[in-house]
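Asker: Below is one structure. I have some questions about it.
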Amino acid sequence: MAAKRQLVVQHNIDTGAADPKQFSVSFDGRYNANRLTSSYKSWQAASQAYGVAIENNACYQYIIGLAVENKLFWTGAYLRNKGYNIQCPGHTGCTANIPYMQPQSEPHMAYDIAQQLSREDILVKSLTTDGTPHNSIV
Ligand SMILES: [Zn+2]
């Protein structure tokens, strides 16, 4: 993705952009769930969520950023079933990065991607989303 981001910067330089490190970006979340509804919060039934950002500067719509929110850690679930007090996430080797009962958050994943981009001094000039309400996915 870093190489793709540099291709976009070069495209912006070639097309005379005032600031070639300003990107036009589209973002949405993808969910790993066997059902898309929850009694409590939208998407809470998903075990994993992927935030995907693509660029709209060049005509290729390169993927320039990814974020993952994962509730799954097989070993943690196995040890809990054996009676051990294992809290995911937070222990050595854990692949979960959010607690099981916490809903995934598109704003949080978008923020993670913006932080990744900022490390390369890339700024999101404009953002297109599907308008997923912030109050349903916290
Ligand atoms: Zn764990």
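Chain lettering (A, B, ...) mirrors the order of the structure tokens, residue numbering begins at 1 for each chain separately, and ligand numbering begins at 1 in order of display.
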Please, which residues have at least one atom within 10 Å of an atom of ligand 1, using only C-alpha atoms and all ligand atoms, listed as number ranges by chain?
Answerer: A: 71-77, 79-80, 86-100
Asker: Apply DSSP to the backbone of this structure and, from chain A, keep only the residues in strand (DSSP E); write these as a PyMOL selection string.
Answerer: chain A and resi 22-32+48-55+63-70+123-128
Asker: What would the file look like if the residues just selected were written as a compact mmCIF listing (two decimals), in the first residue's frame with N, CA, C and O atoms?
Answerer:
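After the write, selection-v6.txt holds the following:
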```
# COMPACT_ATOMS: atom_id res chain seq x y z
N GLN A 22 -2.23 15.71 -0.57
CA GLN A 22 -3.63 15.78 -0.19
C GLN A 22 -4.40 14.82 -1.08
O GLN A 22 -4.38 14.93 -2.29
N PHE A 23 -5.10 13.87 -0.43
CA PHE A 23 -5.81 12.82 -1.16
C PHE A 23 -7.32 12.99 -1.03
O PHE A 23 -7.82 13.47 -0.02
N SER A 24 -8.01 12.57 -2.07
CA SER A 24 -9.45 12.40 -2.01
C SER A 24 -9.71 10.92 -1.76
O SER A 24 -9.22 10.07 -2.51
N VAL A 25 -10.45 10.59 -0.71
CA VAL A 25 -10.52 9.20 -0.23
C VAL A 25 -11.98 8.77 -0.09
O VAL A 25 -12.84 9.57 0.28
N SER A 26 -12.24 7.49 -0.39
CA SER A 26 -13.52 6.86 -0.05
C SER A 26 -13.25 5.79 0.99
O SER A 26 -12.23 5.10 0.93
N PHE A 27 -14.18 5.63 1.93
CA PHE A 27 -14.00 4.69 3.03
C PHE A 27 -15.30 3.96 3.30
O PHE A 27 -16.38 4.55 3.26
N ASP A 28 -15.17 2.65 3.60
CA ASP A 28 -16.34 1.91 4.09
C ASP A 28 -15.85 0.72 4.90
O ASP A 28 -14.68 0.34 4.82
N GLY A 29 -16.75 0.12 5.66
CA GLY A 29 -16.44 -1.05 6.47
C GLY A 29 -17.01 -2.30 5.84
O GLY A 29 -18.05 -2.26 5.18
N ARG A 30 -16.30 -3.40 6.04
CA ARG A 30 -16.78 -4.74 5.63
C ARG A 30 -16.83 -5.58 6.89
O ARG A 30 -15.93 -5.50 7.73
N TYR A 31 -17.88 -6.42 6.99
CA TYR A 31 -18.11 -7.12 8.25
C TYR A 31 -18.15 -8.62 8.03
O TYR A 31 -18.75 -9.10 7.07
N ASN A 32 -17.52 -9.35 8.95
CA ASN A 32 -17.56 -10.81 8.94
C ASN A 32 -18.60 -11.23 9.95
O ASN A 32 -18.35 -11.25 11.16
N GLN A 48 -15.46 -9.81 13.08
CA GLN A 48 -14.34 -9.06 12.53
C GLN A 48 -14.89 -7.97 11.61
O GLN A 48 -15.91 -8.18 10.95
N ALA A 49 -14.19 -6.86 11.56
CA ALA A 49 -14.55 -5.78 10.64
C ALA A 49 -13.29 -5.26 9.98
O ALA A 49 -12.22 -5.21 10.61
N TYR A 50 -13.42 -4.92 8.72
CA TYR A 50 -12.30 -4.39 7.95
C TYR A 50 -12.70 -3.03 7.42
O TYR A 50 -13.73 -2.91 6.76
N GLY A 51 -11.91 -2.03 7.71
CA GLY A 51 -12.10 -0.70 7.14
C GLY A 51 -11.19 -0.56 5.94
O GLY A 51 -10.00 -0.84 6.03
N VAL A 52 -11.75 -0.15 4.82
CA VAL A 52 -10.99 -0.05 3.57
C VAL A 52 -11.09 1.37 3.05
O VAL A 52 -12.19 1.91 2.91
N ALA A 53 -9.93 1.97 2.77
CA ALA A 53 -9.88 3.31 2.18
C ALA A 53 -9.27 3.22 0.79
O ALA A 53 -8.22 2.59 0.61
N ILE A 54 -9.94 3.81 -0.19
CA ILE A 54 -9.40 3.87 -1.54
C ILE A 54 -9.24 5.32 -1.94
O ILE A 54 -9.92 6.20 -1.42
N GLU A 55 -8.31 5.54 -2.87
CA GLU A 55 -8.06 6.91 -3.32
C GLU A 55 -8.91 7.22 -4.54
O GLU A 55 -9.24 6.32 -5.31
N ILE A 63 -6.21 0.82 -3.18
CA ILE A 63 -6.43 0.72 -1.74
C ILE A 63 -5.23 1.36 -1.06
O ILE A 63 -4.09 0.94 -1.26
N ILE A 64 -5.47 2.41 -0.29
CA ILE A 64 -4.36 3.13 0.34
C ILE A 64 -4.34 2.96 1.85
O ILE A 64 -3.41 3.42 2.51
N GLY A 65 -5.36 2.32 2.42
CA GLY A 65 -5.36 2.13 3.87
C GLY A 65 -6.32 1.02 4.27
O GLY A 65 -7.38 0.86 3.67
N LEU A 66 -5.89 0.23 5.25
CA LEU A 66 -6.73 -0.83 5.81
C LEU A 66 -6.68 -0.75 7.33
O LEU A 66 -5.64 -0.42 7.91
N ALA A 67 -7.80 -1.08 7.94
CA ALA A 67 -7.84 -1.20 9.40
C ALA A 67 -8.68 -2.44 9.73
O ALA A 67 -9.62 -2.76 9.02
N VAL A 68 -8.30 -3.12 10.79
CA VAL A 68 -9.00 -4.34 11.19
C VAL A 68 -9.42 -4.22 12.65
O VAL A 68 -8.63 -3.78 13.49
N GLU A 69 -10.65 -4.59 12.92
CA GLU A 69 -11.10 -4.75 14.31
C GLU A 69 -11.53 -6.20 14.46
O GLU A 69 -12.48 -6.65 13.82
N ASN A 70 -10.82 -6.94 15.30
CA ASN A 70 -10.98 -8.38 15.42
C ASN A 70 -11.34 -8.75 16.86
O ASN A 70 -10.67 -8.33 17.80
N LEU A 123 -2.55 13.88 3.80
CA LEU A 123 -3.73 14.47 4.41
C LEU A 123 -4.96 14.11 3.58
O LEU A 123 -4.91 14.15 2.34
N VAL A 124 -6.05 13.74 4.24
CA VAL A 124 -7.30 13.46 3.53
C VAL A 124 -7.99 14.79 3.27
O VAL A 124 -8.44 15.46 4.19
N LYS A 125 -8.02 15.16 1.98
CA LYS A 125 -8.62 16.44 1.59
C LYS A 125 -10.14 16.34 1.56
O LYS A 125 -10.85 17.24 1.98
N SER A 126 -10.64 15.23 1.02
CA SER A 126 -12.09 15.00 1.01
C SER A 126 -12.35 13.53 1.26
O SER A 126 -11.55 12.67 0.89
N LEU A 127 -13.48 13.25 1.91
CA LEU A 127 -13.81 11.88 2.30
C LEU A 127 -15.23 11.56 1.86
O LEU A 127 -16.16 12.32 2.13
N THR A 128 -15.37 10.43 1.17
CA THR A 128 -16.69 9.95 0.77
C THR A 128 -17.01 8.69 1.55
O THR A 128 -16.19 7.76 1.58
```
Asker: One decimal, Å: what's the distance from atom CA of Asn12 of chain A over to atom CA of Ala58 of chain A, could you say?
Answerer: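 Separation between atom CA of Asn12 of chain A and atom CA of Ala58 of chain A: 7.8 Å.
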Asker: Would you mind reading off the distance between atom CA of Cys59 of chain A and atom CA of His108 of chain A, one decimal, in Å?
Answerer: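 About the pair atom CA of Cys59 of chain A and atom CA of His108 of chain A: they are 27.2 Å apart.
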Asker: Tell me, in Å to one decimal, how far atom CA of Gly83 of chain A is from atom CA of Ala45 of chain A.
Answerer: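 Between these atoms lies a distance of 24.3 Å.
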